[in-house]
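J.: Contents are compact mmCIF, C-alpha atoms and all ligand atoms; file name my_file.txt:
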```txt
# COMPACT_ATOMS: atom_id res chain seq x y z
CA MET U 4 -104.65 107.52 -22.03
CA ASP U 5 -105.42 106.37 -25.53
CA LEU U 6 -104.34 103.05 -26.96
CA ARG U 7 -101.88 104.47 -29.48
CA LEU U 8 -99.84 106.22 -26.84
CA LYS U 9 -99.91 103.16 -24.61
CA ALA U 10 -98.54 101.02 -27.43
CA LEU U 11 -95.85 103.63 -28.08
CA THR U 12 -94.70 103.50 -24.48
CA LYS U 13 -94.49 99.72 -24.68
CA SER U 14 -92.23 99.59 -27.74
CA PRO U 15 -89.86 102.52 -28.15
CA TRP U 16 -87.57 101.77 -31.11
CA VAL U 17 -84.30 103.61 -30.86
CA PHE U 18 -82.35 105.13 -33.73
CA HIS U 19 -78.88 106.24 -32.78
CA ILE U 20 -76.81 108.98 -34.35
CA SER U 21 -73.34 110.01 -33.35
CA THR U 22 -72.58 113.68 -33.99
CA GLY U 23 -68.88 113.46 -33.35
CA SER U 24 -68.70 111.61 -30.05
CA CYS U 25 -65.58 109.94 -28.73
CA ASN U 26 -67.35 106.60 -29.27
CA ASN U 27 -67.63 105.83 -25.58
CA CYS U 28 -71.27 106.85 -25.32
CA ASP U 29 -72.06 104.65 -28.32
CA ILE U 30 -70.40 101.68 -26.68
CA GLU U 31 -72.45 102.26 -23.53
CA LEU U 32 -75.61 102.42 -25.62
CA ILE U 33 -74.85 99.04 -27.13
CA ASP U 34 -74.19 97.81 -23.61
CA VAL U 35 -77.81 98.46 -22.74
CA LEU U 36 -78.89 95.77 -25.20
CA THR U 37 -76.61 93.04 -23.85
CA PRO U 38 -78.01 90.24 -21.69
CA ARG U 39 -76.87 91.93 -18.49
CA TYR U 40 -79.16 94.95 -18.89
CA ASP U 41 -81.57 93.47 -21.45
CA ALA U 42 -83.45 96.54 -22.63
CA GLU U 43 -85.72 94.33 -24.74
CA ARG U 44 -87.68 93.72 -21.53
CA PHE U 45 -89.19 97.16 -22.12
CA GLY U 46 -89.51 96.65 -25.86
CA ILE U 47 -86.46 98.78 -26.63
CA VAL U 48 -84.69 97.70 -29.82
CA LEU U 49 -82.14 99.44 -32.01
CA VAL U 50 -83.41 100.01 -35.56
CA GLY U 51 -81.36 100.68 -38.66
CA SER U 52 -83.53 103.31 -40.35
CA ILE U 53 -84.79 106.63 -39.01
CA LYS U 54 -88.18 105.95 -40.60
CA HIS U 55 -88.77 103.14 -38.10
CA ALA U 56 -87.70 105.09 -35.02
CA ASP U 57 -89.65 106.41 -32.04
CA VAL U 58 -86.63 107.65 -30.14
CA LEU U 59 -83.78 109.62 -31.69
CA MET U 60 -80.70 109.10 -29.54
CA VAL U 61 -78.06 111.79 -30.12
CA THR U 62 -74.52 111.35 -28.81
CA GLY U 63 -71.53 113.63 -29.25
CA SER U 64 -70.88 117.33 -29.36
CA MET U 65 -72.53 118.32 -32.66
CA ASN U 66 -69.69 119.38 -34.93
CA ARG U 67 -70.15 121.64 -37.93
CA LYS U 68 -70.59 118.89 -40.51
CA CYS U 69 -73.31 117.21 -38.47
CA ILE U 70 -75.64 120.19 -38.01
CA PRO U 71 -77.47 119.92 -41.38
CA LEU U 72 -77.51 116.13 -41.15
CA VAL U 73 -79.19 116.11 -37.75
CA LYS U 74 -81.74 118.66 -38.91
CA ASP U 75 -82.49 116.45 -41.90
CA LEU U 76 -82.84 113.36 -39.77
CA TYR U 77 -85.22 115.06 -37.39
CA GLN U 78 -87.43 116.13 -40.26
CA GLN U 79 -87.43 112.63 -41.76
CA ALA U 80 -88.47 110.94 -38.53
CA PRO U 81 -92.15 109.95 -38.31
CA LYS U 82 -93.81 111.90 -35.52
CA PRO U 83 -94.29 111.54 -32.59
CA ILE U 84 -90.58 111.27 -31.93
CA LEU U 85 -88.67 111.58 -28.70
CA VAL U 86 -85.19 113.11 -28.77
CA ILE U 87 -82.70 112.05 -26.11
CA ALA U 88 -79.33 113.75 -25.70
CA LEU U 89 -76.93 111.13 -24.40
CA GLY U 90 -73.75 112.08 -22.58
CA THR U 91 -72.33 115.34 -21.32
CA CYS U 92 -71.15 116.22 -24.82
CA SER U 93 -74.62 116.37 -26.30
CA CYS U 94 -76.17 117.88 -23.17
CA GLY U 95 -73.90 120.92 -23.23
CA ARG U 96 -70.80 120.21 -25.31
CA GLY U 97 -68.83 119.20 -22.17
CA ILE U 98 -65.09 119.47 -22.56
CA PHE U 99 -65.48 120.53 -26.19
CA ARG U 100 -67.29 123.76 -25.30
CA ASP U 101 -64.44 125.97 -26.45
CA SER U 102 -63.64 123.95 -29.56
CA TYR U 103 -63.62 125.73 -32.94
CA ASN U 104 -65.57 122.84 -34.40
CA CYS U 105 -68.51 122.73 -31.97
CA PRO U 106 -70.35 126.03 -32.41
CA VAL U 107 -73.77 125.05 -31.02
CA ASN U 108 -75.48 122.72 -28.58
CA VAL U 109 -77.67 119.85 -29.71
CA ASP U 110 -80.74 121.63 -28.33
CA ASP U 111 -80.01 124.68 -30.46
CA VAL U 112 -80.53 122.53 -33.55
CA ILE U 113 -83.39 120.20 -32.62
CA PRO U 114 -85.76 120.17 -29.61
CA VAL U 115 -84.45 117.77 -26.96
CA ASP U 116 -86.87 115.99 -24.62
CA VAL U 117 -84.55 114.24 -22.20
CA TYR U 118 -80.95 114.92 -21.16
CA VAL U 119 -78.86 112.03 -19.85
CA PRO U 120 -75.62 113.47 -18.39
CA GLY U 121 -72.48 111.47 -17.68
CA CYS U 122 -69.24 110.88 -19.47
CA PRO U 123 -70.28 108.30 -20.49
CA PRO U 124 -73.62 107.69 -18.69
CA LYS U 125 -74.03 104.30 -17.08
CA PRO U 126 -76.39 101.83 -18.79
CA GLU U 127 -78.77 102.16 -15.85
CA ALA U 128 -78.88 105.91 -16.44
CA ILE U 129 -79.61 105.39 -20.14
CA ILE U 130 -82.54 103.06 -19.39
CA ALA U 131 -83.77 105.55 -16.75
CA GLY U 132 -83.54 108.31 -19.39
CA ILE U 133 -85.63 106.42 -21.90
CA VAL U 134 -88.20 105.58 -19.21
CA LYS U 135 -88.36 109.24 -18.20
CA GLY U 136 -88.95 110.22 -21.80
CA ILE U 137 -91.80 107.73 -21.99
CA GLU U 138 -93.30 109.11 -18.76
CA LYS U 139 -93.12 112.54 -20.33
CA LEU U 140 -95.13 111.33 -23.31
CA LYS U 141 -97.91 110.26 -20.97
CA MET X 168 -121.01 85.96 -46.59
CA ASN X 169 -122.14 84.47 -43.34
CA PHE X 170 -120.99 84.02 -39.82
CA TYR X 171 -118.77 81.04 -40.68
CA PHE X 172 -116.89 83.05 -43.25
CA PHE X 173 -115.98 85.67 -40.67
CA ARG X 174 -115.10 83.08 -38.09
CA ASP X 175 -112.75 81.35 -40.54
CA PHE X 176 -111.27 84.59 -41.67
CA PHE X 177 -110.63 85.59 -38.08
CA PHE X 178 -108.93 82.28 -37.32
CA SER X 179 -106.74 82.47 -40.38
CA CYS X 180 -105.64 85.92 -39.22
CA VAL X 181 -104.75 84.95 -35.67
CA TRP X 182 -102.09 82.44 -36.68
CA GLU X 183 -99.50 85.02 -35.77
CA VAL X 184 -100.06 84.34 -32.07
CA PHE X 185 -97.09 82.01 -32.34
CA TYR X 186 -94.68 84.74 -33.34
CA PRO X 187 -93.88 86.05 -29.81
CA LEU X 188 -92.55 82.58 -29.04
CA ASP X 189 -89.66 83.32 -31.37
CA ARG X 190 -88.49 86.38 -29.47
CA LYS X 191 -88.98 84.71 -26.12
CA VAL X 192 -86.96 81.62 -27.10
CA THR X 193 -84.25 83.86 -28.57
CA ALA X 194 -84.03 85.72 -25.28
CA ARG X 195 -83.81 82.52 -23.25
CA ILE X 196 -81.00 81.23 -25.50
CA GLN X 197 -79.05 84.43 -24.81
CA TYR X 198 -79.71 84.18 -21.03
CA ARG X 199 -82.04 87.17 -21.08
CA VAL X 200 -85.51 87.69 -19.70
CA GLY X 201 -86.81 88.90 -23.03
CA PRO X 202 -89.83 90.97 -23.97
CA PRO X 203 -93.31 90.31 -22.54
CA TRP X 204 -95.61 88.06 -24.56
CA TYR X 205 -97.64 90.93 -25.99
CA GLN X 206 -94.56 92.71 -27.35
CA SER X 207 -95.18 92.01 -31.05
CA PHE X 208 -98.77 93.20 -30.77
CA ALA X 209 -97.67 96.38 -29.02
CA ASP X 210 -95.17 96.95 -31.86
CA LEU X 211 -97.88 96.54 -34.47
CA LEU X 212 -100.34 98.76 -32.65
CA LYS X 213 -97.71 101.45 -32.28
CA LEU X 214 -96.78 101.31 -35.97
CA PHE X 215 -100.42 101.66 -36.98
CA GLY X 216 -100.62 104.84 -34.93
CA LYS X 217 -97.60 106.53 -36.45
CA GLU X 218 -97.09 108.91 -39.33
CA THR X 219 -96.71 107.51 -42.86
CA LEU X 220 -93.92 109.10 -44.85
CA ILE X 221 -93.73 108.65 -48.61
CA PRO X 222 -90.37 109.38 -50.23
CA LYS X 223 -90.33 112.16 -52.79
CA ASN X 224 -89.25 110.31 -55.91
CA SER X 225 -90.96 107.01 -55.24
CA SER X 226 -93.70 105.51 -57.38
CA VAL X 227 -96.45 106.06 -54.88
CA THR X 228 -99.00 103.44 -55.99
CA MET X 229 -96.50 100.60 -55.95
CA PHE X 230 -95.04 101.80 -52.69
CA MET X 231 -98.44 101.72 -50.98
CA LEU X 232 -99.65 98.53 -52.67
CA ALA X 233 -96.65 96.27 -52.09
CA PRO X 234 -97.25 95.32 -48.43
CA PHE X 235 -100.92 94.53 -49.05
CA LEU X 236 -99.99 92.24 -51.94
CA GLY X 237 -97.92 90.09 -49.62
CA MET X 238 -100.53 90.13 -46.90
CA SER X 239 -103.38 89.02 -49.17
CA ALA X 240 -101.36 86.09 -50.50
CA LEU X 241 -100.48 85.01 -46.98
CA LEU X 242 -104.04 85.30 -45.73
CA VAL X 243 -105.35 83.18 -48.60
CA SER X 244 -102.75 80.48 -48.01
CA GLY X 245 -103.33 80.60 -44.25
CA PHE X 246 -107.06 80.24 -44.85
CA ILE X 247 -106.65 77.16 -47.05
CA LEU X 248 -104.22 75.47 -44.67
CA TYR X 249 -106.38 76.21 -41.66
CA LYS X 250 -109.54 74.85 -43.28
CA ILE X 251 -107.83 71.67 -44.42
CA ASN X 252 -106.04 71.00 -41.15
CA LEU X 253 -108.68 71.87 -38.59
CA PHE X 254 -111.93 71.29 -40.46
CA ASN X 255 -111.00 68.45 -42.83
CA MET X 256 -112.11 70.44 -45.83
CA PRO X 257 -111.29 68.38 -48.96
CA GLY X 258 -109.54 71.32 -50.64
CA PHE X 259 -109.24 71.34 -54.41
CA LEU X 260 -107.07 69.52 -56.92
CA GLY X 261 -103.61 71.06 -57.00
CA ASP X 262 -103.88 73.21 -53.88
CA LEU X 263 -100.29 72.25 -53.09
CA ILE X 264 -99.13 73.92 -56.30
CA VAL X 265 -101.24 77.01 -55.63
CA MET X 266 -99.69 77.21 -52.19
CA VAL X 267 -96.14 77.04 -53.57
CA TYR X 268 -97.01 79.92 -55.89
CA LEU X 269 -98.63 81.94 -53.12
CA PHE X 270 -95.55 81.65 -50.94
CA THR X 271 -93.38 83.48 -53.47
CA ILE X 272 -95.64 86.55 -53.38
CA PRO X 273 -94.47 87.90 -49.97
CA SER X 274 -90.89 87.93 -51.29
CA LEU X 275 -92.09 89.60 -54.48
CA SER X 276 -93.92 92.25 -52.47
CA LEU X 277 -90.72 92.98 -50.57
CA ILE X 278 -88.83 93.30 -53.86
CA LEU X 279 -91.47 95.61 -55.37
CA GLY X 280 -91.62 97.76 -52.26
CA GLY X 281 -87.86 98.10 -52.19
CA PHE X 282 -87.58 99.13 -55.82
CA ALA X 283 -90.54 101.50 -55.58
CA SER X 284 -89.07 103.47 -52.70
CA SER X 285 -86.23 104.93 -54.80
CA ASN X 286 -83.61 104.56 -52.14
CA PRO X 287 -80.25 103.07 -53.20
CA LEU X 288 -80.09 100.86 -50.13
CA SER X 289 -83.64 99.60 -50.67
CA SER X 290 -82.80 98.73 -54.27
CA LEU X 291 -79.71 96.92 -53.09
CA GLY X 292 -81.80 94.95 -50.60
CA SER X 293 -84.34 94.11 -53.29
CA SER X 294 -81.71 92.86 -55.69
CA ARG X 295 -80.29 90.69 -52.93
CA GLU X 296 -83.77 89.32 -52.26
CA ILE X 297 -84.15 88.42 -55.96
CA LYS X 298 -80.88 86.50 -55.88
CA LEU X 299 -81.95 84.72 -52.73
CA LEU X 300 -85.33 83.89 -54.29
CA LEU X 301 -83.55 82.33 -57.29
CA GLY X 302 -81.44 80.36 -54.85
CA TYR X 303 -83.98 78.82 -52.51
CA GLU X 304 -86.82 78.13 -54.92
CA LEU X 305 -84.96 75.25 -56.61
CA PRO X 306 -84.29 73.07 -53.54
CA PHE X 307 -87.71 74.02 -52.13
CA MET X 308 -89.63 72.80 -55.19
CA LEU X 309 -87.52 69.64 -55.48
CA ALA X 310 -88.08 68.81 -51.83
CA ILE X 311 -91.83 69.39 -52.08
CA LEU X 312 -91.83 66.77 -54.84
CA VAL X 313 -90.94 64.07 -52.30
CA PRO X 314 -94.29 63.98 -50.44
CA VAL X 315 -96.03 64.27 -53.80
CA ILE X 316 -94.19 61.19 -55.11
CA GLN X 317 -94.67 59.21 -51.91
CA THR X 318 -98.37 59.93 -51.54
CA GLY X 319 -99.16 60.19 -55.25
CA SER X 320 -101.29 63.28 -54.88
CA ILE X 321 -101.11 67.04 -55.25
CA ARG X 322 -104.05 67.61 -52.94
CA PHE X 323 -103.33 68.54 -49.34
CA SER X 324 -106.18 66.61 -47.82
CA GLU X 325 -105.07 63.41 -49.61
CA ILE X 326 -101.44 63.94 -48.61
CA ILE X 327 -102.50 64.28 -44.98
CA GLN X 328 -104.91 61.33 -45.22
CA PHE X 329 -102.17 59.15 -46.71
CA GLN X 330 -99.82 60.09 -43.90
CA ILE X 331 -102.43 59.27 -41.26
CA GLU X 332 -102.88 55.83 -42.79
CA HIS X 333 -99.31 54.93 -43.75
CA GLY X 334 -97.15 56.99 -41.38
CA ALA X 335 -95.61 60.39 -41.97
CA VAL X 336 -93.37 61.14 -44.95
CA LEU X 337 -90.73 62.34 -42.51
CA TYR X 338 -90.11 58.80 -41.24
CA SER X 339 -88.58 57.58 -44.51
CA ILE X 340 -85.02 58.28 -45.69
CA SER X 341 -86.05 60.44 -48.64
CA GLY X 342 -88.62 62.22 -46.46
CA SER X 343 -86.12 63.20 -43.80
CA LEU X 344 -83.62 64.44 -46.39
CA ALA X 345 -86.30 66.54 -48.06
CA PHE X 346 -87.45 67.79 -44.66
CA ILE X 347 -83.98 69.22 -43.97
CA ALA X 348 -83.93 70.91 -47.39
CA VAL X 349 -87.38 72.40 -46.87
CA LEU X 350 -86.54 73.67 -43.39
CA LEU X 351 -83.50 75.54 -44.67
CA SER X 352 -85.21 77.01 -47.73
CA VAL X 353 -88.20 78.09 -45.65
CA GLN X 354 -85.73 79.75 -43.31
CA ALA X 355 -84.58 81.82 -46.29
CA LYS X 356 -88.17 82.44 -47.37
CA MET X 357 -88.90 84.00 -43.99
CA GLY X 358 -85.71 86.05 -44.15
CA LEU X 359 -84.35 84.66 -40.90
CA VAL X 360 -80.78 84.93 -39.86
CA PRO X 361 -78.39 82.78 -41.81
CA PHE X 362 -80.17 84.02 -44.95
CA ASP X 363 -81.26 87.53 -43.98
CA VAL X 364 -78.98 89.22 -46.53
CA ALA X 365 -81.89 91.27 -47.85
CA GLU X 366 -82.51 93.00 -44.55
CA ALA X 367 -78.98 92.92 -43.19
CA GLU X 368 -79.28 95.67 -40.60
CA THR X 369 -75.59 96.19 -40.09
CA GLU X 370 -74.87 96.47 -43.80
CA ILE X 371 -77.76 98.16 -45.62
CA LEU X 372 -79.93 99.67 -42.84
CA SER X 373 -83.10 97.62 -43.30
CA GLY X 374 -82.89 96.72 -46.96
CA PRO X 375 -86.22 97.05 -48.81
CA LEU X 376 -87.94 98.31 -45.66
CA THR X 377 -85.66 101.31 -45.20
CA GLU X 378 -88.14 103.89 -46.49
CA TYR X 379 -91.25 102.37 -44.97
CA SER X 380 -92.79 103.88 -41.86
CA GLY X 381 -95.98 103.76 -39.86
CA PRO X 382 -98.87 101.50 -40.96
CA LEU X 383 -97.15 100.28 -44.14
CA LEU X 384 -94.18 99.06 -42.13
CA GLY X 385 -96.69 97.52 -39.74
CA ILE X 386 -98.20 95.50 -42.59
CA PHE X 387 -94.75 94.22 -43.54
CA LYS X 388 -94.13 93.21 -39.94
CA LEU X 389 -97.53 91.51 -39.91
CA ASN X 390 -96.52 89.60 -43.04
CA LYS X 391 -93.45 88.40 -41.25
CA MET X 392 -95.50 87.26 -38.28
CA LEU X 393 -98.03 85.50 -40.51
CA MET X 394 -95.26 83.76 -42.40
CA PHE X 395 -93.77 82.57 -39.15
CA SER X 396 -96.95 80.64 -38.38
CA ILE X 397 -98.19 79.64 -41.84
CA LEU X 398 -94.98 78.20 -43.25
CA PRO X 399 -94.39 75.84 -40.30
CA LEU X 400 -97.96 74.61 -40.77
CA PHE X 401 -97.23 74.02 -44.45
CA VAL X 402 -94.10 72.02 -43.60
CA LEU X 403 -96.09 70.12 -40.97
CA SER X 404 -98.84 69.24 -43.47
CA CYS X 405 -96.40 68.08 -46.13
CA PHE X 406 -94.05 66.04 -44.00
CA TRP X 407 -95.46 65.27 -40.58
CA GLY X 408 -99.12 64.46 -41.12
CA GLY X 409 -100.59 67.91 -40.46
CA PHE X 410 -103.07 68.20 -37.62
CA GLY X 411 -104.21 64.66 -38.41
CA ASN X 412 -103.46 63.09 -35.05
CA VAL X 413 -106.45 62.33 -32.84
CA ASN X 414 -104.74 63.95 -29.88
CA PRO X 415 -104.70 67.75 -30.42
CA LEU X 416 -101.91 68.13 -27.86
CA ILE X 417 -99.51 66.07 -30.01
CA ASN X 418 -100.46 68.15 -33.05
CA ILE X 419 -99.67 71.40 -31.29
CA LEU X 420 -96.44 69.96 -29.91
CA LYS X 421 -95.34 69.01 -33.44
CA PHE X 422 -96.15 72.48 -34.68
CA LEU X 423 -94.23 74.15 -31.86
CA THR X 424 -91.25 71.83 -32.47
CA ILE X 425 -90.97 73.10 -36.03
CA VAL X 426 -91.31 76.73 -34.91
CA VAL X 427 -88.57 76.25 -32.31
CA ILE X 428 -86.27 74.57 -34.86
CA PHE X 429 -86.50 77.73 -36.99
CA THR X 430 -85.67 79.88 -33.99
CA LEU X 431 -82.73 77.68 -33.03
CA ILE X 432 -81.25 77.81 -36.54
CA ARG X 433 -81.70 81.57 -36.45
CA ASN X 434 -79.89 81.97 -33.17
CA THR X 435 -76.92 79.70 -33.72
CA ASN X 436 -75.74 80.90 -37.12
CA PRO X 437 -74.01 83.97 -38.49
CA ARG X 438 -75.26 85.74 -41.62
CA LEU X 439 -74.06 84.37 -44.96
CA ARG X 440 -73.02 86.60 -47.81
CA VAL X 441 -75.35 86.47 -50.78
CA ASP X 442 -72.88 84.52 -52.94
CA GLN X 443 -72.31 82.04 -50.12
CA ALA X 444 -76.06 81.62 -49.71
CA LEU X 445 -76.52 81.00 -53.45
CA ARG X 446 -73.70 78.49 -53.51
CA PHE X 447 -75.21 76.76 -50.48
CA PHE X 448 -78.64 76.48 -52.07
CA TRP X 449 -77.58 75.49 -55.57
CA PHE X 450 -74.64 73.21 -54.97
CA LYS X 451 -75.42 71.69 -51.57
CA LEU X 452 -79.13 71.82 -50.79
CA SER X 453 -80.28 71.13 -54.35
CA VAL X 454 -78.07 68.05 -54.44
CA ILE X 455 -79.62 66.84 -51.19
CA SER X 456 -83.13 67.42 -52.53
CA SER X 457 -82.31 65.68 -55.81
CA ILE X 458 -81.01 62.67 -53.92
CA ALA X 459 -84.21 62.69 -51.89
CA VAL X 460 -86.33 62.77 -55.04
CA ILE X 461 -84.38 59.86 -56.57
CA LEU X 462 -84.73 57.86 -53.35
CA ALA X 463 -88.45 58.62 -53.24
CA LEU X 464 -88.83 57.41 -56.83
CA GLY X 465 -87.02 54.22 -55.75
CA GLY X 466 -89.55 53.78 -52.99
CA MET X 467 -87.34 54.49 -49.98
S1 LIG Q 501 -69.92 112.48 -23.10
FE1 LIG Q 501 -67.87 111.69 -22.69
S2 LIG Q 501 -67.98 109.56 -23.35
FE2 LIG Q 501 -69.71 110.62 -24.27
S3 LIG Q 501 -69.00 111.23 -26.26
FE3 LIG Q 501 -68.63 112.95 -24.89
S4 LIG Q 501 -66.54 112.67 -24.21
FE4 LIG Q 501 -67.21 110.73 -25.09
```
Let me see whether you can do it: turn the structure in this file into structure tokens.
T.:
Amino acid sequence: MDLRLKALTKSPWVFHISTGSCNNCDIELIDVLTPRYDAERFGIVLVGSIKHADVLMVTGSMNRKCIPLVKDLYQQAPKPILVIALGTCSCGRGIFRDSYNCPVNVDDVIPVDVYVPGCPPKPEAIIAGIVKGIEKLK
Amino acid sequence: MNFYFFRDFFFSCVWEVFYPLDRKVTARIQYRVGPPWYQSFADLLKLFGKETLIPKNSSVTMFMLAPFLGMSALLVSGFILYKINLFNMPGFLGDLIVMVYLFTIPSLSLILGGFASSNPLSSLGSSREIKLLLGYELPFMLAILVPVIQTGSIRFSEIIQFQIEHGAVLYSISGSLAFIAVLLSVQAKMGLVPFDVAEAETEILSGPLTEYSGPLLGIFKLNKMLMFSILPLFVLSCFWGGFGNVNPLINILKFLTIVVIFTLIRNTNPRLRVDQALRFFWFKLSVISSIAVILALGGM
């Protein structure tokens, strides 16, 4: 494995976008960074700008307004980028499947690497998801 | 160009080894385990391997040049400080003044980079950084006057020599007042928490760095790491006798004390608004530094 990829697996910076979630998944994501779960052990930090990100964390059920925005964000992200769909909503629209406002899945808009199901997923599951994504990169 | 040049250059580059300490201490304060010691280096290595994106309407030359401007200034100042402290190089007349000038360049590079990237949030961050620069330069310069008055020299090697012979500047009343002022203005220079308005993540994404990615962002991060080791050494040389002690262990302990003080201030304070920060620097810290200068002139 080359050095660049090894460094990438040691410091995945996460950018988080909510595409119309109920906010619960976002709260759980913040939970991962608290002292109890301490994701910084693996080098995971939340960054404020998509240009700094290695992992694009998508939560929510992708409503109409968000589709062009998410496409834009994915194109702006410096490659290689890992896309993680967090929560049942973004894995397959969940309870909003029949909603007039959620016409497509997240993976119809951008390629998703890892799905983390749960409503909301537990912090352990989120960390496991990121680790799985990193394994996939290797 | 000889072997010694490269050795010195290498040593002035590896000052940033002290940066991981900051994240580790932060983690311990928050009852966390924290990242492994090599985390910052992994971050840098990763950034150097990523794609560089240049925004469409930016002025490309300035955008690419800005981080290197800051880095070159920091490397030069690190080189001078390292030679004077570890190898007793005599330096040159007025190297203190040169150093004070060099330390404004990293902030300027941040400002230039922010304005060049043609992003409204970057411009906002840059304008905040300018205001902050106007704020902290005044107390910083005033406080640096105190060791100059006490030792009667603007040459680093003489300042350090004087302190070895007559005791550190810090141990006088004016010295300790100026030391407090310098610590807080250096905190703002490094963009650490009570004064990190320019990069306020929760308000304006990442301020001037918003549009930077890949290697260019890596250089900015490297600047930050370099600053975190060079500025404490500067404070140490001006106020606490530099690396002048015969026992190297005590020297390193002094250095680490200053680094940890910065980290502690960073972790126990909330972010100030830019107007609050300006008011703090102009109306509180400048008064403290002025008092220190007057006391120093009176010989206290
Ligand atoms: S998966 Fe559940 S918790 Fe997460 S956004 Fe959807 S409804 Fe909310």
J.: From the list X:Asn390, X:Asn286, X:Asn414, X:Asn255, which residue is nearest chain U when using all atoms listed in the file?
T.: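 So, comparing all the options, the nearest one is X:Asn286.
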J.: Mind pulling up the distance from CA of Phe215 (chain X) to CA of Asp57 (chain U)?
T.: 12.8 Å
J.: Excluding Asp442 (chain X) and any residue of its chain fewer than 2 positions from it, enumerate the residues within 12 Å of it, using all atoms listed in the file, and give them as a list of chain:residue names.
T.: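 The filter keeps X:Arg295, X:Glu296, X:Lys298, X:Leu299, X:Leu301, X:Gly302, X:Phe362, X:Val364, X:Arg438, X:Leu439, X:Arg440, X:Ala444, X:Leu445, X:Arg446, X:Phe447, X:Phe448, X:Trp449, X:Phe450.
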J.: Under the rule that only C-alpha atoms and all ligand atoms are counted, which of U:Ile53, U:Asp34, U:Ala10, U:Cys94 is the nearest residue to ligand LIG 501 (chain Q)?
T.: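 Between U:Ile53, U:Asp34, U:Ala10, U:Cys94, the residue approaching ligand LIG 501 (chain Q) most closely is U:Cys94.
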J.: Would you mind reading off the distance between CA of Ala348 (chain X) and CA of Pro314 (chain X), one decimal, in Å?
T.: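 Rounded to one decimal, the two atoms are 12.8 Å apart.
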